[in-house]
$ cat coords-v3.txt   # compact mmCIF, C-alpha atoms
# COMPACT_ATOMS: atom_id res chain seq x y z
CA MET A 1 0.00 0.00 0.00
CA LYS A 2 1.55 3.27 -1.12
CA ILE A 3 0.88 6.65 0.51
CA ASP A 4 0.82 9.51 -1.99
CA TYR A 5 2.47 12.31 0.02
CA ARG A 6 1.72 14.92 -2.62
CA LEU A 7 -1.98 14.10 -2.61
CA LEU A 8 -2.12 13.79 1.18
CA LYS A 9 -0.59 17.26 1.46
CA LYS A 10 -3.15 18.64 -0.98
CA ARG A 11 -6.03 17.12 1.00
CA CYS A 12 -4.64 18.52 4.25
CA LEU A 13 -4.06 22.06 3.00
CA ASP A 14 -6.87 22.65 0.50
CA PRO A 15 -9.68 24.98 1.62
CA ILE A 16 -13.05 23.33 2.10
CA GLU A 17 -14.29 24.97 -1.09
CA ALA A 18 -11.78 22.91 -3.08
CA PHE A 19 -13.74 19.76 -2.16
CA HIS A 20 -17.07 21.05 -3.47
CA GLU A 21 -16.51 19.53 -6.89
CA GLU A 22 -15.74 16.06 -5.51
CA GLY A 23 -19.45 15.20 -5.53
CA ASP A 24 -22.95 16.58 -5.10
CA LEU A 25 -22.90 19.70 -2.93
CA GLU A 26 -25.64 20.63 -0.47
CA LEU A 27 -25.35 23.86 1.51
CA THR A 28 -26.97 23.35 4.91
CA GLU A 29 -27.53 25.83 7.73
CA ASN A 30 -24.36 24.48 9.39
CA GLY A 31 -22.15 24.35 6.31
CA PRO A 32 -21.54 22.21 3.24
CA LEU A 33 -22.35 18.55 2.78
CA ILE A 34 -20.68 16.78 -0.14
CA PHE A 35 -21.87 13.36 -1.31
CA VAL A 36 -19.78 11.18 -3.63
CA ASP A 37 -21.82 8.34 -5.16
CA ARG A 38 -19.59 5.46 -6.21
CA GLY A 39 -22.40 2.94 -6.48
CA ALA A 40 -21.52 1.30 -3.17
CA GLN A 41 -23.61 -0.03 -0.29
CA VAL A 42 -21.20 1.13 2.42
CA LEU A 43 -20.80 4.83 3.28
CA GLY A 44 -17.58 6.44 4.52
CA VAL A 45 -17.78 9.79 6.34
CA ALA A 46 -15.07 12.41 6.96
CA HIS A 47 -15.21 15.99 8.20
CA LEU A 48 -13.35 18.77 6.43
CA ASP A 49 -13.35 21.37 9.21
CA THR A 50 -10.37 21.45 11.55
CA ALA A 51 -9.97 22.47 15.19
CA LEU A 52 -7.16 24.93 14.53
CA PRO A 53 -7.25 27.87 12.10
CA TYR A 54 -5.87 27.19 8.65
CA ALA A 55 -2.07 26.98 8.54
CA ASP A 56 0.17 26.15 5.59
CA GLN A 57 2.08 23.55 7.59
CA PHE A 58 2.87 20.08 6.33
CA GLY A 59 6.09 18.26 7.15
CA ILE A 60 7.32 14.82 6.12
CA VAL A 61 9.58 12.82 8.40
CA ARG A 62 11.42 9.80 7.03
CA GLY A 63 13.78 7.40 8.76
CA ASP A 64 15.03 3.84 8.47
CA SER A 65 11.87 2.47 10.07
CA PHE A 66 9.56 5.48 10.22
CA ARG A 67 7.42 7.36 7.74
CA GLY A 68 5.49 10.21 9.24
CA VAL A 69 3.70 13.46 8.61
CA VAL A 70 3.24 16.46 10.90
CA CYS A 71 0.27 18.70 10.12
CA PRO A 72 -2.29 20.41 12.39
CA HIS A 73 -5.10 19.39 10.01
CA LEU A 74 -4.66 15.61 10.01
CA ASP A 75 -7.89 15.47 12.05
CA ASP A 76 -9.79 14.77 9.84
CA ARG A 77 -8.11 15.54 6.53
CA LEU A 78 -6.21 12.25 6.84
CA GLY A 79 -9.61 10.57 6.97
CA ALA A 80 -10.70 12.46 3.85
CA TYR A 81 -7.55 11.31 2.04
CA ILE A 82 -8.18 7.71 3.07
CA LEU A 83 -11.77 7.77 1.80
CA LEU A 84 -11.22 9.74 -1.39
CA ASP A 85 -7.85 8.41 -2.50
CA LEU A 86 -6.28 5.58 -0.52
CA LEU A 87 -9.20 3.14 -0.35
CA PRO A 88 -9.93 3.34 -4.11
CA SER A 89 -6.23 2.74 -4.81
CA ILE A 90 -6.41 -0.64 -3.01
CA GLY A 91 -9.70 -1.77 -4.52
CA VAL A 92 -12.07 -0.77 -1.71
CA LYS A 93 -15.28 0.74 -3.07
CA THR A 94 -17.44 2.93 -0.82
CA ASP A 95 -19.61 5.99 -1.17
CA VAL A 96 -18.21 9.09 0.55
CA LEU A 97 -19.83 11.84 2.60
CA LEU A 98 -17.76 14.94 3.42
CA THR A 99 -19.08 17.11 6.23
CA ASP A 100 -18.44 20.36 8.05
CA GLY A 101 -19.03 21.51 11.62
CA GLU A 102 -17.89 18.36 13.42
CA GLU A 103 -15.33 20.18 15.55
CA ILE A 104 -18.00 22.34 17.19
CA GLY A 105 -20.52 19.52 17.58
CA LEU A 106 -22.71 20.66 14.68
CA SER A 107 -21.89 18.10 12.01
CA THR A 108 -23.68 18.61 8.72
CA GLY A 109 -23.98 14.82 8.63
CA THR A 110 -27.23 15.26 10.53
CA HIS A 111 -28.74 16.72 7.34
CA PHE A 112 -27.81 13.76 5.15
CA VAL A 113 -30.80 12.06 3.51
CA PRO A 114 -29.57 8.87 1.81
CA ARG A 115 -30.73 8.03 -1.68
CA LYS A 116 -30.44 4.32 -1.00
CA GLU A 117 -30.18 1.86 1.84
CA TYR A 118 -26.67 1.33 3.19
CA HIS A 119 -25.34 -1.79 4.83
CA TRP A 120 -23.21 0.13 7.37
CA ILE A 121 -21.33 3.40 7.72
CA PHE A 122 -17.83 4.21 8.94
CA SER A 123 -15.21 6.89 9.37
CA PHE A 124 -11.46 7.22 9.90
CA ASP A 125 -11.73 10.04 12.44
CA ARG A 126 -9.93 8.61 15.43
CA SER A 127 -6.50 8.92 16.97
CA GLY A 128 -4.57 5.73 17.62
CA THR A 129 -5.55 2.45 15.98
CA ASP A 130 -8.54 1.17 17.95
CA VAL A 131 -12.20 1.46 16.94
CA VAL A 132 -15.14 3.08 18.69
CA LEU A 133 -18.80 2.26 18.24
CA TYR A 134 -20.63 4.94 20.25
CA ARG A 135 -24.36 4.20 20.54
CA TYR A 136 -24.08 1.60 17.80
CA GLU A 137 -22.28 -0.78 20.16
CA ASP A 138 -23.80 -4.15 20.97
CA PRO A 139 -22.24 -7.53 21.85
CA ALA A 140 -22.44 -8.86 18.29
CA LEU A 141 -20.66 -5.84 16.79
CA VAL A 142 -17.97 -5.95 19.47
CA ARG A 143 -17.33 -9.63 18.71
CA LEU A 144 -17.12 -8.86 15.00
CA MET A 145 -14.54 -6.13 15.58
CA LYS A 146 -12.40 -8.44 17.68
CA GLU A 147 -12.47 -11.10 14.95
CA TYR A 148 -10.55 -8.65 12.76
CA ARG A 149 -8.05 -7.72 15.50
CA PHE A 150 -9.59 -4.33 16.20
CA LYS A 151 -9.45 -3.23 19.82
CA VAL A 152 -12.75 -1.64 20.84
CA GLY A 153 -12.18 1.59 22.75
CA TYR A 154 -14.35 4.39 24.10
CA GLY A 155 -14.98 7.65 22.30
CA THR A 156 -17.15 10.69 22.77
CA PHE A 157 -18.03 12.14 19.41
CA SER A 158 -17.71 12.06 15.64
CA ASP A 159 -19.92 12.68 12.59
CA ILE A 160 -21.49 9.24 12.67
CA CYS A 161 -22.98 9.99 16.10
CA PHE A 162 -25.47 12.18 14.24
CA MET A 163 -26.35 9.51 11.67
CA GLU A 164 -28.36 6.89 13.53
CA HIS A 165 -31.29 7.88 11.30
CA LEU A 166 -29.73 5.74 8.53
CA GLY A 167 -30.77 2.65 10.49
CA VAL A 168 -27.43 0.84 10.22
CA LYS A 169 -24.34 0.38 12.37
CA GLY A 170 -21.57 2.97 12.42
CA ILE A 171 -17.89 2.35 13.16
CA ASN A 172 -15.10 4.88 13.69
CA PHE A 173 -11.67 3.41 12.88
CA GLY A 174 -8.46 4.84 14.27
CA CYS A 175 -6.08 6.00 11.53
CA GLY A 176 -2.93 6.59 13.57
CA TYR A 177 -2.69 10.30 14.24
CA VAL A 178 -1.76 11.64 17.69
CA MET A 179 -1.72 15.04 19.43
CA GLN A 180 -4.83 16.14 17.56
CA HIS A 181 -6.00 19.73 18.09
CA THR A 182 -2.41 20.93 18.37
CA GLU A 183 0.08 22.35 15.89
CA TRP A 184 2.12 19.16 16.33
CA CYS A 185 -0.55 16.71 15.26
CA ALA A 186 1.39 13.85 13.68
CA VAL A 187 0.94 10.39 12.25
CA ASP A 188 3.20 7.38 11.84
CA LEU A 189 1.95 6.22 8.46
CA ALA A 190 2.88 2.63 9.29
CA ASP A 191 -0.03 2.74 11.76
CA THR A 192 -2.29 4.17 9.06
CA VAL A 193 -1.33 1.45 6.59
CA ALA A 194 -1.86 -1.28 9.20
CA ALA A 195 -5.30 0.06 10.15
CA VAL A 196 -6.40 0.45 6.52
CA SER A 197 -5.14 -3.06 5.69
CA ARG A 198 -7.29 -4.54 8.48
CA PHE A 199 -10.21 -2.43 7.29
CA LYS A 200 -9.81 -3.76 3.75
CA GLN A 201 -10.20 -7.33 4.97
CA PHE A 202 -13.19 -6.33 7.11
CA TRP A 203 -14.80 -4.55 4.15
CA LYS A 204 -14.11 -7.46 1.80
CA ASN A 205 -15.93 -9.92 4.04
CA ASN A 206 -18.74 -7.65 5.23
CA HIS A 207 -19.62 -5.02 2.63
CA THR A 208 -22.57 -7.08 1.40
CA THR A 209 -23.95 -7.64 4.91
CA ARG A 210 -26.51 -5.20 6.23
CA MET A 211 -25.92 -4.42 9.90
CA ALA A 212 -29.26 -3.05 11.09
CA HIS A 213 -29.41 -0.56 13.94
CA THR A 214 -32.29 0.87 15.92
CA ALA A 215 -31.65 4.31 17.37
CA LYS A 216 -31.98 4.46 21.13
CA PRO A 217 -34.04 7.29 22.65
CA SER A 218 -31.93 9.72 24.63
CA THR A 219 -31.59 13.29 25.81
CA GLU A 220 -28.62 15.49 24.96
CA PRO A 221 -25.60 13.89 26.68
CA GLU A 222 -23.54 15.81 29.23
CA TRP A 223 -20.40 15.73 27.09
CA TYR A 224 -22.19 17.46 24.19
CA SER A 225 -22.94 20.62 26.15
CA ASP A 226 -19.40 20.70 27.54
CA ARG A 227 -17.88 20.17 24.11
CA LEU A 228 -19.94 22.89 22.46
CA ARG A 229 -19.13 25.37 25.26
CA ILE A 230 -15.39 24.64 25.08
CA PHE A 231 -15.09 24.70 21.31
CA GLN A 232 -16.99 27.96 20.97
CA ASP A 233 -14.85 29.71 23.60
CA PRO A 234 -12.33 31.88 21.68
CA HIS A 235 -10.01 31.91 24.69
CA HIS A 236 -9.88 28.14 25.07
CA VAL A 237 -6.42 26.61 24.63
CA PHE A 238 -6.55 23.08 23.26
CA SER A 239 -4.73 20.46 25.22
CA GLN A 240 -4.57 16.70 25.43
CA GLU A 241 -6.87 16.66 28.48
CA PRO A 242 -9.91 14.55 27.52
CA LEU A 243 -13.50 15.48 28.23
CA HIS A 244 -14.95 13.39 31.04
CA GLY A 245 -12.01 11.02 30.87
CA CYS A 246 -12.53 10.29 27.17
CA ARG A 247 -10.20 10.84 24.25
CA LYS A 248 -11.58 13.05 21.51
CA GLU A 249 -13.26 11.02 18.80
$ encode --input "coords-v3.txt" --output "structure tokens"
Amino acid sequence: MKIDYRLLKKRCLDPIEAFHEEGDLELTENGPLIFVDRGAQVLGVAHLDTALPYADQFGIVRGDSFRGVVCPHLDDRLGAYILLDLLPSIGVKTDVLLTDGEEIGLSTGTHFVPRKEYHWIFSFDRSGTDVVLYRYEDPALVRLMKEYRFKVGYGTFSDICFMEHLGVKGINFGCGYVMQHTEWCAVDLADTVAAVSRFKQFWKNNHTTRMAHTAKPSTEPEWYSDRLRIFQDPHHVFSQEPLHGCRKE
């Protein structure tokens, strides 16, 4: 599996408007929603907004046993690169939904009205290399993840949290970045390649299987109010301290 550094850099540094022509554009009250129909029955989701203001910073680090990138926008532009470019290059076919507003808890994914029935949805919007299932979690899905050597962790929020209305399971896969929400956000691309390789096998064996999900009734969770308050505070300094003991995403 080959990482295209030039294309990854472009995905990380392009303004959101540069993605408008990737698919069908819908302008919602919270920002753009871009749908790429590849004739698939699995939907991948990535957000284009970033926690830090735009910065033209992208560094490549190479060593004898290390290939890495440092860029403050890897969350979640690395996910966008994986969905738009890397997965197709290795024969994995999925539809793609590109969102805005995730970093302030107002994902435009909530406005997505699917044109067809999906079998399951997923994202690569997670630090490290585990997976999180949010409110989609049940014993059967946890067992399935473990069959493919994915460690099931605990997360607080991502686009797919707003997409239970699709009626299918959602999975957020770690793609290897660390120190998200800082200028030193970095990724060891060996971790990315390993995670995507495991995903490919999972997709190959399960993309034709519909994983039904029934949304659970709930009120707005405590972490949501805290997250929205923190992210809208112009004086807030991002750190690695998690909300309520949970790692972001």
$ residues_around --input "coords-v3.txt" --residues "segment 47-59 of chain A" --least-positions-apart "6" --cutoff "6 Å" --atoms "only C-alpha atoms" --output "PDB file with C-alpha atoms, in the frame of the given file"
ATOM      1  CA  VAL A  69       3.700  13.460   8.610  1.00  0.00           C
ATOM      2  CA  VAL A  70       3.240  16.460  10.900  1.00  0.00           C
ATOM      3  CA  CYS A  71       0.270  18.700  10.120  1.00  0.00           C
ATOM      4  CA  HIS A  73      -5.100  19.390  10.010  1.00  0.00           C
ATOM      5  CA  ASP A  76      -9.790  14.770   9.840  1.00  0.00           C
ATOM      6  CA  LEU A  98     -17.760  14.940   3.420  1.00  0.00           C
ATOM      7  CA  THR A  99     -19.080  17.110   6.230  1.00  0.00           C
ATOM      8  CA  ASP A 100     -18.440  20.360   8.050  1.00  0.00           C
ATOM      9  CA  GLU A 103     -15.330  20.180  15.550  1.00  0.00           C
ATOM     10  CA  HIS A 181      -6.000  19.730  18.090  1.00  0.00           C
TER      11      HIS A 181
END
$ residues_around --input "coords-v3.txt" --residues "Arg62 of chain A" --least-positions-apart "4" --cutoff "12 Å" --atoms "all atoms listed in the file" --output "PyMOL selection string"
chain A and resi 5+66-70+187-190
$ write_last_selection --input "coords-v3.txt" --atoms "C-alpha atoms" --output "short mmCIF file (atom, residue, chain, number, x, y, z; two decimals), keeping the file's coordinate frame"
data_model
loop_
_atom_site.label_atom_id
_atom_site.label_comp_id
_atom_site.auth_asym_id
_atom_site.auth_seq_id
_atom_site.Cartn_x
_atom_site.Cartn_y
_atom_site.Cartn_z
CA TYR A 5 2.47 12.31 0.02
CA PHE A 66 9.56 5.48 10.22
CA ARG A 67 7.42 7.36 7.74
CA GLY A 68 5.49 10.21 9.24
CA VAL A 69 3.70 13.46 8.61
CA VAL A 70 3.24 16.46 10.90
CA VAL A 187 0.94 10.39 12.25
CA ASP A 188 3.20 7.38 11.84
CA LEU A 189 1.95 6.22 8.46
CA ALA A 190 2.88 2.63 9.29
#
$ closest_atom_pairs --input "coords-v3.txt" --of "segment 54-136 of chain A" --to "segment 22-27 of chain A" --cutoff "12 Å" --atoms "only C-alpha atoms" --output "JSON lines"
{"residue": "A:Ala80", "atom": "CA", "partner": "A:Glu22", "partner_atom": "CA", "distance": 11.2}
{"residue": "A:Leu83", "atom": "CA", "partner": "A:Glu22", "partner_atom": "CA", "distance": 11.7}
{"residue": "A:Leu84", "atom": "CA", "partner": "A:Glu22", "partner_atom": "CA", "distance": 8.8}
{"residue": "A:Asp85", "atom": "CA", "partner": "A:Glu22", "partner_atom": "CA", "distance": 11.4}
{"residue": "A:Asp95", "atom": "CA", "partner": "A:Gly23", "partner_atom": "CA", "distance": 10.2}
{"residue": "A:Val96", "atom": "CA", "partner": "A:Gly23", "partner_atom": "CA", "distance": 8.7}
{"residue": "A:Leu97", "atom": "CA", "partner": "A:Gly23", "partner_atom": "CA", "distance": 8.8}
{"residue": "A:Leu98", "atom": "CA", "partner": "A:Gly23", "partner_atom": "CA", "distance": 9.1}
{"residue": "A:Thr99", "atom": "CA", "partner": "A:Glu26", "partner_atom": "CA", "distance": 10.0}
{"residue": "A:Asp100", "atom": "CA", "partner": "A:Leu27", "partner_atom": "CA", "distance": 10.1}
{"residue": "A:Thr108", "atom": "CA", "partner": "A:Leu27", "partner_atom": "CA", "distance": 9.1}
{"residue": "A:Gly109", "atom": "CA", "partner": "A:Glu26", "partner_atom": "CA", "distance": 10.9}
{"residue": "A:His111", "atom": "CA", "partner": "A:Glu26", "partner_atom": "CA", "distance": 9.3}
{"residue": "A:Phe112", "atom": "CA", "partner": "A:Glu26", "partner_atom": "CA", "distance": 9.1}
{"residue": "A:Val113", "atom": "CA", "partner": "A:Glu26", "partner_atom": "CA", "distance": 10.8}
$ atom_distance --input "coords-v3.txt" --atom1 "atom CA of Asp138 of chain A" --atom2 "atom CA of Asp191 of chain A"
26.4 Å
$ residues_near_point --input "coords-v3.txt" --point "(-28.0, 11.5, 12.6)" --cutoff "8 Å" --atoms "all atoms listed in the file" --output "ChimeraX atom specification"
/A:109-112,160-166
$ closest_residue --input "coords-v3.txt" --among "A:Gly101, A:Met1, A:Leu87, A:Leu13" --to "Thr28 of chain A" --atoms "all atoms listed in the file"
A:Gly101
$ atom_distance --input "coords-v3.txt" --atom1 "atom CA of Phe199 of chain A" --atom2 "atom CA of Val61 of chain A"
25.0 Å
$ atom_distance --input "coords-v3.txt" --atom1 "atom CA of Leu7 of chain A" --atom2 "atom CA of Trp203 of chain A"
23.6 Å
$ closest_residue --input "coords-v3.txt" --among "A:Asp75, A:Thr182, A:Gly31, A:Val36" --to "Ser107 of chain A" --atoms "all atoms listed in the file"
A:Gly31
$ axis_aligned_box --input "coords-v3.txt" --around "segment 52-70 of chain A" --padding-each-side "8 Å" --output "lines of an AutoDock Vina configuration file"
center_x = 3.9
center_y = 15.2
center_z = 10.1
size_x = 38.3
size_y = 41.4
size_z = 24.9
$ residues_around --input "coords-v3.txt" --residues "Ile171 of chain A" --least-positions-apart "2" --cutoff "12 Å" --atoms "all atoms listed in the file" --output "ChimeraX atom specification"
/A:42-45,119-126,130-138,141-142,144-145,150,152-155,157-161,163-164,168-169,173-174,199,202-203,211,213,249
$ residues_around --input "coords-v3.txt" --residues "Leu86 of chain A" --least-positions-apart "6" --cutoff "10 Å" --atoms "all atoms listed in the file" --output "list in words"
Met1, Lys2, Ile3, Asp4, Leu7, Leu8, Leu78, Gly79, Ala80, Val92, Val193 and Val196 of chain A
$ write_last_selection --input "coords-v3.txt" --atoms "C-alpha atoms" --output "compact mmCIF listing (two decimals), keeping the file's coordinate frame"
# COMPACT_ATOMS: atom_id res chain seq x y z
CA MET A 1 0.00 0.00 0.00
CA LYS A 2 1.55 3.27 -1.12
CA ILE A 3 0.88 6.65 0.51
CA ASP A 4 0.82 9.51 -1.99
CA LEU A 7 -1.98 14.10 -2.61
CA LEU A 8 -2.12 13.79 1.18
CA LEU A 78 -6.21 12.25 6.84
CA GLY A 79 -9.61 10.57 6.97
CA ALA A 80 -10.70 12.46 3.85
CA VAL A 92 -12.07 -0.77 -1.71
CA VAL A 193 -1.33 1.45 6.59
CA VAL A 196 -6.40 0.45 6.52
$ closest_residue --input "coords-v3.txt" --among "A:Thr94, A:Glu21, A:Ser197, A:Trp184" --to "Tyr118 of chain A" --atoms "all atoms listed in the file"
A:Thr94
$ closest_residue --input "coords-v3.txt" --among "A:Cys175, A:Ile104, A:Ile60, A:Ala195" --to "Arg149 of chain A" --atoms "only C-alpha atoms"
A:Ala195
